[in-house]
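One file, model33.cif, carrying mmCIF, C-alpha atoms:
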```
data_target
loop_
_atom_site.label_atom_id
_atom_site.label_comp_id
_atom_site.auth_asym_id
_atom_site.auth_seq_id
_atom_site.Cartn_x
_atom_site.Cartn_y
_atom_site.Cartn_z
CA SER Y 1 62.70 -24.97 -137.59
CA ILE Y 2 61.21 -21.49 -137.46
CA GLY Y 3 60.85 -19.87 -134.06
CA ARG Y 4 57.27 -19.41 -132.90
CA THR Y 5 55.73 -16.59 -130.87
CA MET Y 6 54.21 -18.18 -127.79
CA VAL Y 7 51.88 -16.17 -125.55
CA TRP Y 8 51.28 -17.35 -121.99
CA THR Y 9 47.70 -18.20 -121.01
CA GLY Y 10 48.29 -20.25 -117.85
CA ALA Y 11 45.23 -22.28 -118.78
CA ASP Y 12 46.60 -25.44 -117.18
CA GLY Y 13 48.63 -24.18 -114.23
CA SER Y 14 52.01 -22.52 -113.79
CA ASP Y 15 54.43 -24.92 -115.53
CA PHE Y 16 56.54 -23.13 -118.16
CA SER Y 17 57.18 -26.38 -120.04
CA ASN Y 18 53.52 -27.40 -120.35
CA PRO Y 19 52.27 -26.60 -123.90
CA LEU Y 20 48.69 -26.34 -122.59
CA ASN Y 21 49.73 -23.07 -120.92
CA TRP Y 22 50.68 -21.41 -124.20
CA ASN Y 23 48.93 -19.91 -127.21
CA ASP Y 24 51.04 -20.55 -130.33
CA THR Y 25 50.21 -17.39 -132.28
CA THR Y 26 52.52 -18.37 -135.14
CA THR Y 27 50.63 -21.52 -136.14
CA GLY Y 28 47.30 -20.55 -134.57
CA PHE Y 29 47.14 -23.44 -132.11
CA ASP Y 30 45.68 -22.51 -128.73
CA PRO Y 31 46.74 -24.39 -126.74
CA ALA Y 32 50.07 -25.06 -128.39
CA THR Y 33 50.76 -28.59 -129.60
CA SER Y 34 54.34 -28.67 -128.30
CA ALA Y 35 56.30 -27.03 -125.50
CA VAL Y 36 58.16 -23.76 -125.94
CA GLY Y 37 61.53 -24.41 -127.58
CA THR Y 38 64.96 -22.90 -127.94
CA GLU Y 39 64.09 -20.88 -131.07
CA ASP Y 40 60.78 -19.53 -129.75
CA THR Y 41 59.76 -16.16 -128.33
CA ALA Y 42 57.87 -16.49 -125.04
CA GLU Y 43 55.67 -13.58 -123.97
CA TYR Y 44 53.95 -12.91 -120.65
CA SER Y 45 51.76 -10.14 -122.04
CA SER Y 46 48.68 -10.16 -119.80
CA GLY Y 47 47.85 -10.81 -116.17
CA SER Y 48 50.00 -11.85 -113.22
CA GLY Y 49 50.93 -15.15 -111.62
CA ALA Y 50 53.40 -17.78 -110.54
CA ILE Y 51 55.78 -19.57 -112.89
CA SER Y 52 57.22 -23.02 -112.21
CA GLY Y 53 59.27 -25.50 -114.19
CA THR Y 54 62.19 -25.06 -116.55
CA GLY Y 55 62.78 -24.09 -120.16
CA THR Y 56 65.01 -22.31 -122.66
CA VAL Y 57 63.73 -19.90 -125.31
CA ALA Y 58 65.37 -17.38 -127.62
CA VAL Y 59 63.47 -14.32 -126.40
CA LEU Y 60 61.68 -13.99 -123.06
CA THR Y 61 59.47 -10.96 -122.39
CA PHE Y 62 57.45 -9.95 -119.32
CA ASP Y 63 55.27 -7.03 -120.36
CA SER Y 64 51.81 -7.55 -118.87
CA GLY Y 65 51.63 -4.63 -116.46
CA GLY Y 66 51.34 -7.24 -113.70
CA VAL Y 67 53.54 -9.16 -111.26
CA TRP Y 68 55.19 -12.50 -112.08
CA GLN Y 69 56.93 -14.78 -109.60
CA LEU Y 70 59.47 -17.50 -110.37
CA GLU Y 71 58.66 -20.18 -107.83
CA SER Y 72 60.87 -22.74 -106.09
CA GLY Y 73 62.80 -24.80 -108.64
CA ALA Y 74 61.92 -22.57 -111.59
CA LYS Y 75 64.83 -22.14 -114.00
CA LEU Y 76 64.26 -20.10 -117.16
CA THR Y 77 66.76 -19.14 -119.85
CA GLY Y 78 66.55 -16.54 -122.62
CA SER Y 79 69.38 -17.19 -125.09
CA THR Y 80 69.00 -13.97 -127.12
CA ALA Y 81 67.27 -11.33 -125.00
CA VAL Y 82 65.20 -10.99 -121.82
CA THR Y 83 63.01 -7.93 -121.15
CA ILE Y 84 61.02 -6.93 -118.08
CA GLY Y 85 58.82 -4.01 -119.07
CA SER Y 86 58.79 -3.27 -122.79
CA ASN Y 87 55.61 -1.19 -123.00
CA ASN Y 88 54.02 -1.70 -119.56
CA SER Y 89 55.23 -1.39 -115.97
CA THR Y 90 55.88 -5.04 -115.04
CA GLU Y 91 57.44 -6.67 -111.98
CA LEU Y 92 59.36 -9.95 -111.80
CA LEU Y 93 60.01 -11.67 -108.47
CA ILE Y 94 62.77 -14.27 -108.25
CA ASP Y 95 62.72 -16.05 -104.89
CA GLN Y 96 62.58 -19.49 -103.24
CA GLY Y 97 65.88 -20.39 -104.94
CA ALA Y 98 64.60 -19.80 -108.48
CA SER Y 99 66.95 -18.90 -111.35
CA LEU Y 100 66.80 -16.74 -114.46
CA PHE Y 101 69.55 -16.85 -117.09
CA ALA Y 102 70.10 -14.42 -119.96
CA THR Y 103 72.84 -15.98 -122.05
CA GLY Y 104 72.82 -13.71 -125.11
CA LEU Y 105 74.92 -10.60 -125.68
CA ALA Y 106 71.73 -8.51 -125.57
CA GLY Y 107 71.39 -9.59 -121.96
CA LEU Y 108 68.49 -8.35 -119.87
CA ALA Y 109 66.70 -5.00 -119.86
CA ILE Y 110 64.35 -3.52 -117.25
CA ALA Y 111 62.05 -0.68 -118.42
CA ASN Y 112 63.39 -0.26 -121.93
CA THR Y 113 60.82 2.41 -122.86
CA SER Y 114 59.32 5.34 -120.97
CA SER Y 115 55.89 3.67 -121.06
CA ALA Y 116 57.37 0.75 -119.08
CA SER Y 117 58.45 3.05 -116.23
CA GLY Y 118 58.08 1.39 -112.84
CA SER Y 119 59.27 -2.03 -114.04
CA SER Y 120 61.44 -4.00 -111.65
CA VAL Y 121 63.23 -7.26 -110.91
CA ASN Y 122 63.31 -8.22 -107.24
CA LEU Y 123 65.42 -11.13 -106.00
CA SER Y 124 65.32 -12.42 -102.44
CA GLY Y 125 66.61 -15.41 -100.52
CA ALA Y 126 69.68 -17.64 -100.64
CA GLY Y 127 69.97 -19.56 -103.91
CA SER Y 128 67.75 -17.14 -105.83
CA ASN Y 129 69.86 -15.90 -108.72
CA LEU Y 130 69.99 -13.93 -111.94
CA GLN Y 131 72.87 -14.69 -114.31
CA ILE Y 132 73.46 -12.50 -117.36
CA THR Y 133 76.21 -13.18 -119.87
CA GLY Y 134 75.93 -9.80 -121.58
CA SER Y 135 74.64 -6.47 -120.32
CA LEU Y 136 72.18 -5.82 -117.51
CA ILE Y 137 70.24 -2.66 -118.32
CA VAL Y 138 68.29 -1.07 -115.45
CA GLY Y 139 66.13 1.84 -116.55
CA GLU Y 140 67.01 2.08 -120.23
CA ALA Y 141 64.47 4.75 -121.19
CA GLY Y 142 62.07 4.67 -118.22
CA PHE Y 143 62.32 4.15 -114.46
CA GLY Y 144 63.63 0.67 -113.70
CA GLN Y 145 64.72 -0.98 -110.47
CA LEU Y 146 66.80 -4.01 -109.50
CA SER Y 147 66.60 -5.17 -105.89
CA VAL Y 148 68.73 -7.97 -104.43
CA SER Y 149 68.19 -9.00 -100.81
CA GLN Y 150 68.34 -11.76 -98.18
CA GLY Y 151 71.25 -13.64 -99.74
CA ALA Y 152 70.21 -13.58 -103.40
CA SER Y 153 72.80 -13.02 -106.14
CA VAL Y 154 73.16 -11.31 -109.51
CA THR Y 155 76.04 -11.73 -111.97
CA ALA Y 156 76.34 -9.82 -115.25
CA GLY Y 157 78.86 -9.04 -117.95
CA SER Y 158 78.21 -5.34 -117.34
CA LEU Y 159 75.57 -3.20 -115.68
CA ASP Y 160 74.21 0.12 -116.90
CA ALA Y 161 71.69 2.06 -114.79
CA GLY Y 162 69.92 5.04 -116.38
CA VAL Y 163 70.98 4.61 -120.00
CA VAL Y 164 69.42 7.33 -122.16
CA THR Y 165 68.17 10.79 -121.25
CA GLY Y 166 64.98 10.22 -119.25
CA GLY Y 167 66.10 6.77 -118.17
CA VAL Y 168 66.33 6.22 -114.41
CA GLY Y 169 68.00 3.13 -112.96
CA VAL Y 170 67.97 2.23 -109.28
CA VAL Y 171 70.00 -0.74 -108.02
CA VAL Y 172 69.74 -1.81 -104.37
CA ILE Y 173 71.86 -4.65 -102.96
CA SER Y 174 70.96 -5.30 -99.32
CA GLY Y 175 71.78 -7.76 -96.57
CA ALA Y 176 74.52 -10.18 -95.61
CA GLY Y 177 75.16 -12.75 -98.33
CA SER Y 178 73.42 -10.68 -101.03
CA SER Y 179 75.74 -10.02 -103.94
CA LEU Y 180 76.16 -8.25 -107.27
CA THR Y 181 79.09 -9.17 -109.52
CA THR Y 182 80.01 -7.76 -112.93
CA THR Y 183 82.86 -9.10 -115.03
CA GLY Y 184 83.02 -5.75 -116.83
CA SER Y 185 82.04 -2.17 -116.03
CA LEU Y 186 79.22 -0.80 -113.91
CA SER Y 187 77.75 2.55 -114.95
CA VAL Y 188 75.58 4.56 -112.57
CA GLY Y 189 73.95 7.26 -114.69
CA ASP Y 190 75.04 6.83 -118.31
CA SER Y 191 73.10 9.52 -120.20
CA GLY Y 192 70.26 9.25 -117.66
CA THR Y 193 70.05 9.06 -113.87
CA GLY Y 194 71.45 6.19 -111.84
CA GLU Y 195 71.63 5.18 -108.20
CA LEU Y 196 73.52 2.27 -106.62
CA SER Y 197 72.90 1.45 -102.96
CA ILE Y 198 74.98 -1.18 -101.13
CA LEU Y 199 73.34 -1.73 -97.76
CA ASN Y 200 73.47 -3.84 -94.61
CA GLY Y 201 76.55 -5.90 -95.38
CA ALA Y 202 75.90 -6.75 -99.02
CA ASN Y 203 78.82 -7.54 -101.35
CA VAL Y 204 79.53 -5.92 -104.73
CA THR Y 205 82.39 -6.85 -107.07
CA ILE Y 206 82.97 -4.78 -110.22
CA GLY Y 207 85.34 -6.46 -112.66
CA GLY Y 208 85.93 -3.30 -114.71
CA ASP Y 209 85.46 0.41 -114.11
CA LEU Y 210 82.85 2.07 -111.92
CA ASN Y 211 81.49 4.96 -113.97
CA ILE Y 212 79.32 7.62 -112.30
CA ALA Y 213 77.40 10.23 -114.34
CA SER Y 214 79.20 9.39 -117.59
CA ALA Y 215 77.63 11.86 -120.00
CA ALA Y 216 76.94 15.58 -119.81
CA GLY Y 217 73.57 16.20 -118.14
CA SER Y 218 73.47 12.79 -116.45
CA SER Y 219 73.56 12.17 -112.71
CA GLY Y 220 74.76 9.26 -110.60
CA ASN Y 221 74.91 8.40 -106.92
CA VAL Y 222 76.58 5.55 -105.04
CA ASP Y 223 75.53 4.97 -101.43
CA ILE Y 224 77.35 2.47 -99.20
CA GLU Y 225 75.97 1.95 -95.69
CA ASP Y 226 77.09 -0.61 -93.10
CA THR Y 227 80.48 -1.57 -94.50
CA THR Y 228 80.52 -5.09 -93.03
CA GLY Y 229 80.13 -6.22 -96.63
CA LEU Y 230 82.84 -6.03 -99.30
CA THR Y 231 82.88 -3.68 -102.28
CA ILE Y 232 85.65 -4.40 -104.80
CA ILE Y 233 86.40 -2.31 -107.92
CA ASN Y 234 88.99 -3.90 -110.21
CA GLY Y 235 89.07 -1.14 -112.83
CA ASN Y 236 89.51 2.66 -112.77
#
```
Rewritten as structure tokens:
Amino acid sequence: SIGRTMVWTGADGSDFSNPLNWNDTTTGFDPATSAVGTEDTAEYSSGSGAISGTGTVAVLTFDSGGVWQLESGAKLTGSTAVTIGSNNSTELLIDQGASLFATGLAGLAIANTSSASGSSVNLSGAGSNLQITGSLIVGEAGFGQLSVSQGASVTAGSLDAGVVTGGVGVVVISGAGSSLTTTGSLSVGDSGTGELSILNGANVTIGGDLNIASAAGSSGNVDIEDTTGLTIINGN
């Protein structure tokens, strides 16, 4: 089957798997006649709101200029790429034990253009988690932020904050039980500007190298306060 482009309307509530909440722009059916599927592109391109339910799509994009919240029990997967802020400053909240998975090599990007500056992903609470098989990009070409607090967790293949010139990536891991784990490297300021803050007993494990201000003209800062948490660097 050919993947469809599905645009969220929320016409019948917050359930991701309910076809009545989607406009199938590929076939012209609004509402869609079937739920979003594994080959589809799902776009949250206008408004704000809560998201419940479960589902797997190829591409998942939050680019509405608003705020979206994954509610209790929500579990979404993007198998190719996940983007928060492609052209507009957009915020994603993951709390109440909700989960977001990016299982493709393209991983997840926050603020991948300058016009999406101000985009963020904020996780809070035990059980709330973000799991990325490939790369986690925070502030690719605009200002992007990742915040992990109150026992939430993030795992990624690698993390790159402040990727290109003009990109600014801020990563804050705060509170006992909150954790960030990469199987590969973590770069703070690649060709842009990066900042990593590990606060109030949070735990960070870097499977590869920790790279700070990698390229000429870039800048990077790592701030560790309240060392009751554990920071482990397996590379370098």
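Every residue that the PyMOL selection byres ((chain Y and resi 163-174) around 6) selects in this file is listed here: Val138, Gly139, Glu140, Ala141, Gly142, Phe143, Gly144, Gln145, Leu146, Ser147, Val148, Ser149, Ala161, Gly162, Gly175, Asp190, Ser191, Gly192, Thr193, Gly194, Glu195, Leu196, Ser197, Ile198, Leu199, Asn200 and Ala202 of chain Y.
Using the PyMOL selection byres ((chain Y and resi 28-40) around 8) on the file at hand returns these residues: Ser1, Ile2, Gly3, Arg4, Thr5, Met6, Phe16, Ser17, Asn18, Pro19, Leu20, Asn21, Trp22, Asn23, Asp24, Thr25, Thr26, Thr27, Thr41, Ala42, Gly55, Thr56, Val57, Ala58, Val59 and Ser79 of chain Y.
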As a CSV table (one decimal) with C-alpha atoms, in the frame of the given file, please: the residues near Ala156 of chain Y (cut-off 12 Å, all atoms listed in the file, same-chain neighbours under 4 positions excluded).
```csv
chain,number,residue,atom,x,y,z
Y,100,LEU,CA,66.8,-16.7,-114.5
Y,101,PHE,CA,69.6,-16.8,-117.1
Y,102,ALA,CA,70.1,-14.4,-120.0
Y,103,THR,CA,72.8,-16.0,-122.0
Y,104,GLY,CA,72.8,-13.7,-125.1
Y,105,LEU,CA,74.9,-10.6,-125.7
Y,106,ALA,CA,71.7,-8.5,-125.6
Y,107,GLY,CA,71.4,-9.6,-122.0
Y,108,LEU,CA,68.5,-8.4,-119.9
Y,109,ALA,CA,66.7,-5.0,-119.9
Y,129,ASN,CA,69.9,-15.9,-108.7
Y,130,LEU,CA,70.0,-13.9,-111.9
Y,131,GLN,CA,72.9,-14.7,-114.3
Y,132,ILE,CA,73.5,-12.5,-117.4
Y,133,THR,CA,76.2,-13.2,-119.9
Y,134,GLY,CA,75.9,-9.8,-121.6
Y,135,SER,CA,74.6,-6.5,-120.3
Y,136,LEU,CA,72.2,-5.8,-117.5
Y,137,ILE,CA,70.2,-2.7,-118.3
Y,138,VAL,CA,68.3,-1.1,-115.4
Y,160,ASP,CA,74.2,0.1,-116.9
Y,179,SER,CA,75.7,-10.0,-103.9
Y,180,LEU,CA,76.2,-8.2,-107.3
Y,181,THR,CA,79.1,-9.2,-109.5
Y,182,THR,CA,80.0,-7.8,-112.9
Y,183,THR,CA,82.9,-9.1,-115.0
Y,184,GLY,CA,83.0,-5.8,-116.8
Y,185,SER,CA,82.0,-2.2,-116.0
Y,186,LEU,CA,79.2,-0.8,-113.9
Y,204,VAL,CA,79.5,-5.9,-104.7
Y,205,THR,CA,82.4,-6.8,-107.1
Y,206,ILE,CA,83.0,-4.8,-110.2
Y,207,GLY,CA,85.3,-6.5,-112.7
Y,208,GLY,CA,85.9,-3.3,-114.7
```
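The coordinates place atom CA of Leu123 of chain Y at 8.4 Å from atom CA of Gln150 of chain Y.
Separating atom CA of Asn203 of chain Y from atom CA of Ile94 of chain Y is a distance of 18.7 Å.
Computed from the coordinates, the atom CA of Trp68 of chain Y to atom CA of Gly47 of chain Y distance equals 8.6 Å.
For the set Y:Asp95, Y:Glu71, Y:Asp226, Y:Glu43, the residue with the smallest atom-to-atom gap to Ala176 of chain Y is Y:Asp226, counting all atoms listed in the file.
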What residues come out when you apply the PyMOL selection byres ((chain Y and resi 219) around 6) to this file, written as a tab-separated table (two decimals) with C-alpha atoms, in the frame of the given file?
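That gives us selection_9.tsv:
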```tsv
chain	number	residue	atom	x	y	z
Y	189	GLY	CA	73.95	7.26	-114.69
Y	193	THR	CA	70.05	9.06	-113.87
Y	213	ALA	CA	77.40	10.23	-114.34
Y	218	SER	CA	73.47	12.79	-116.45
Y	220	GLY	CA	74.76	9.26	-110.60
```
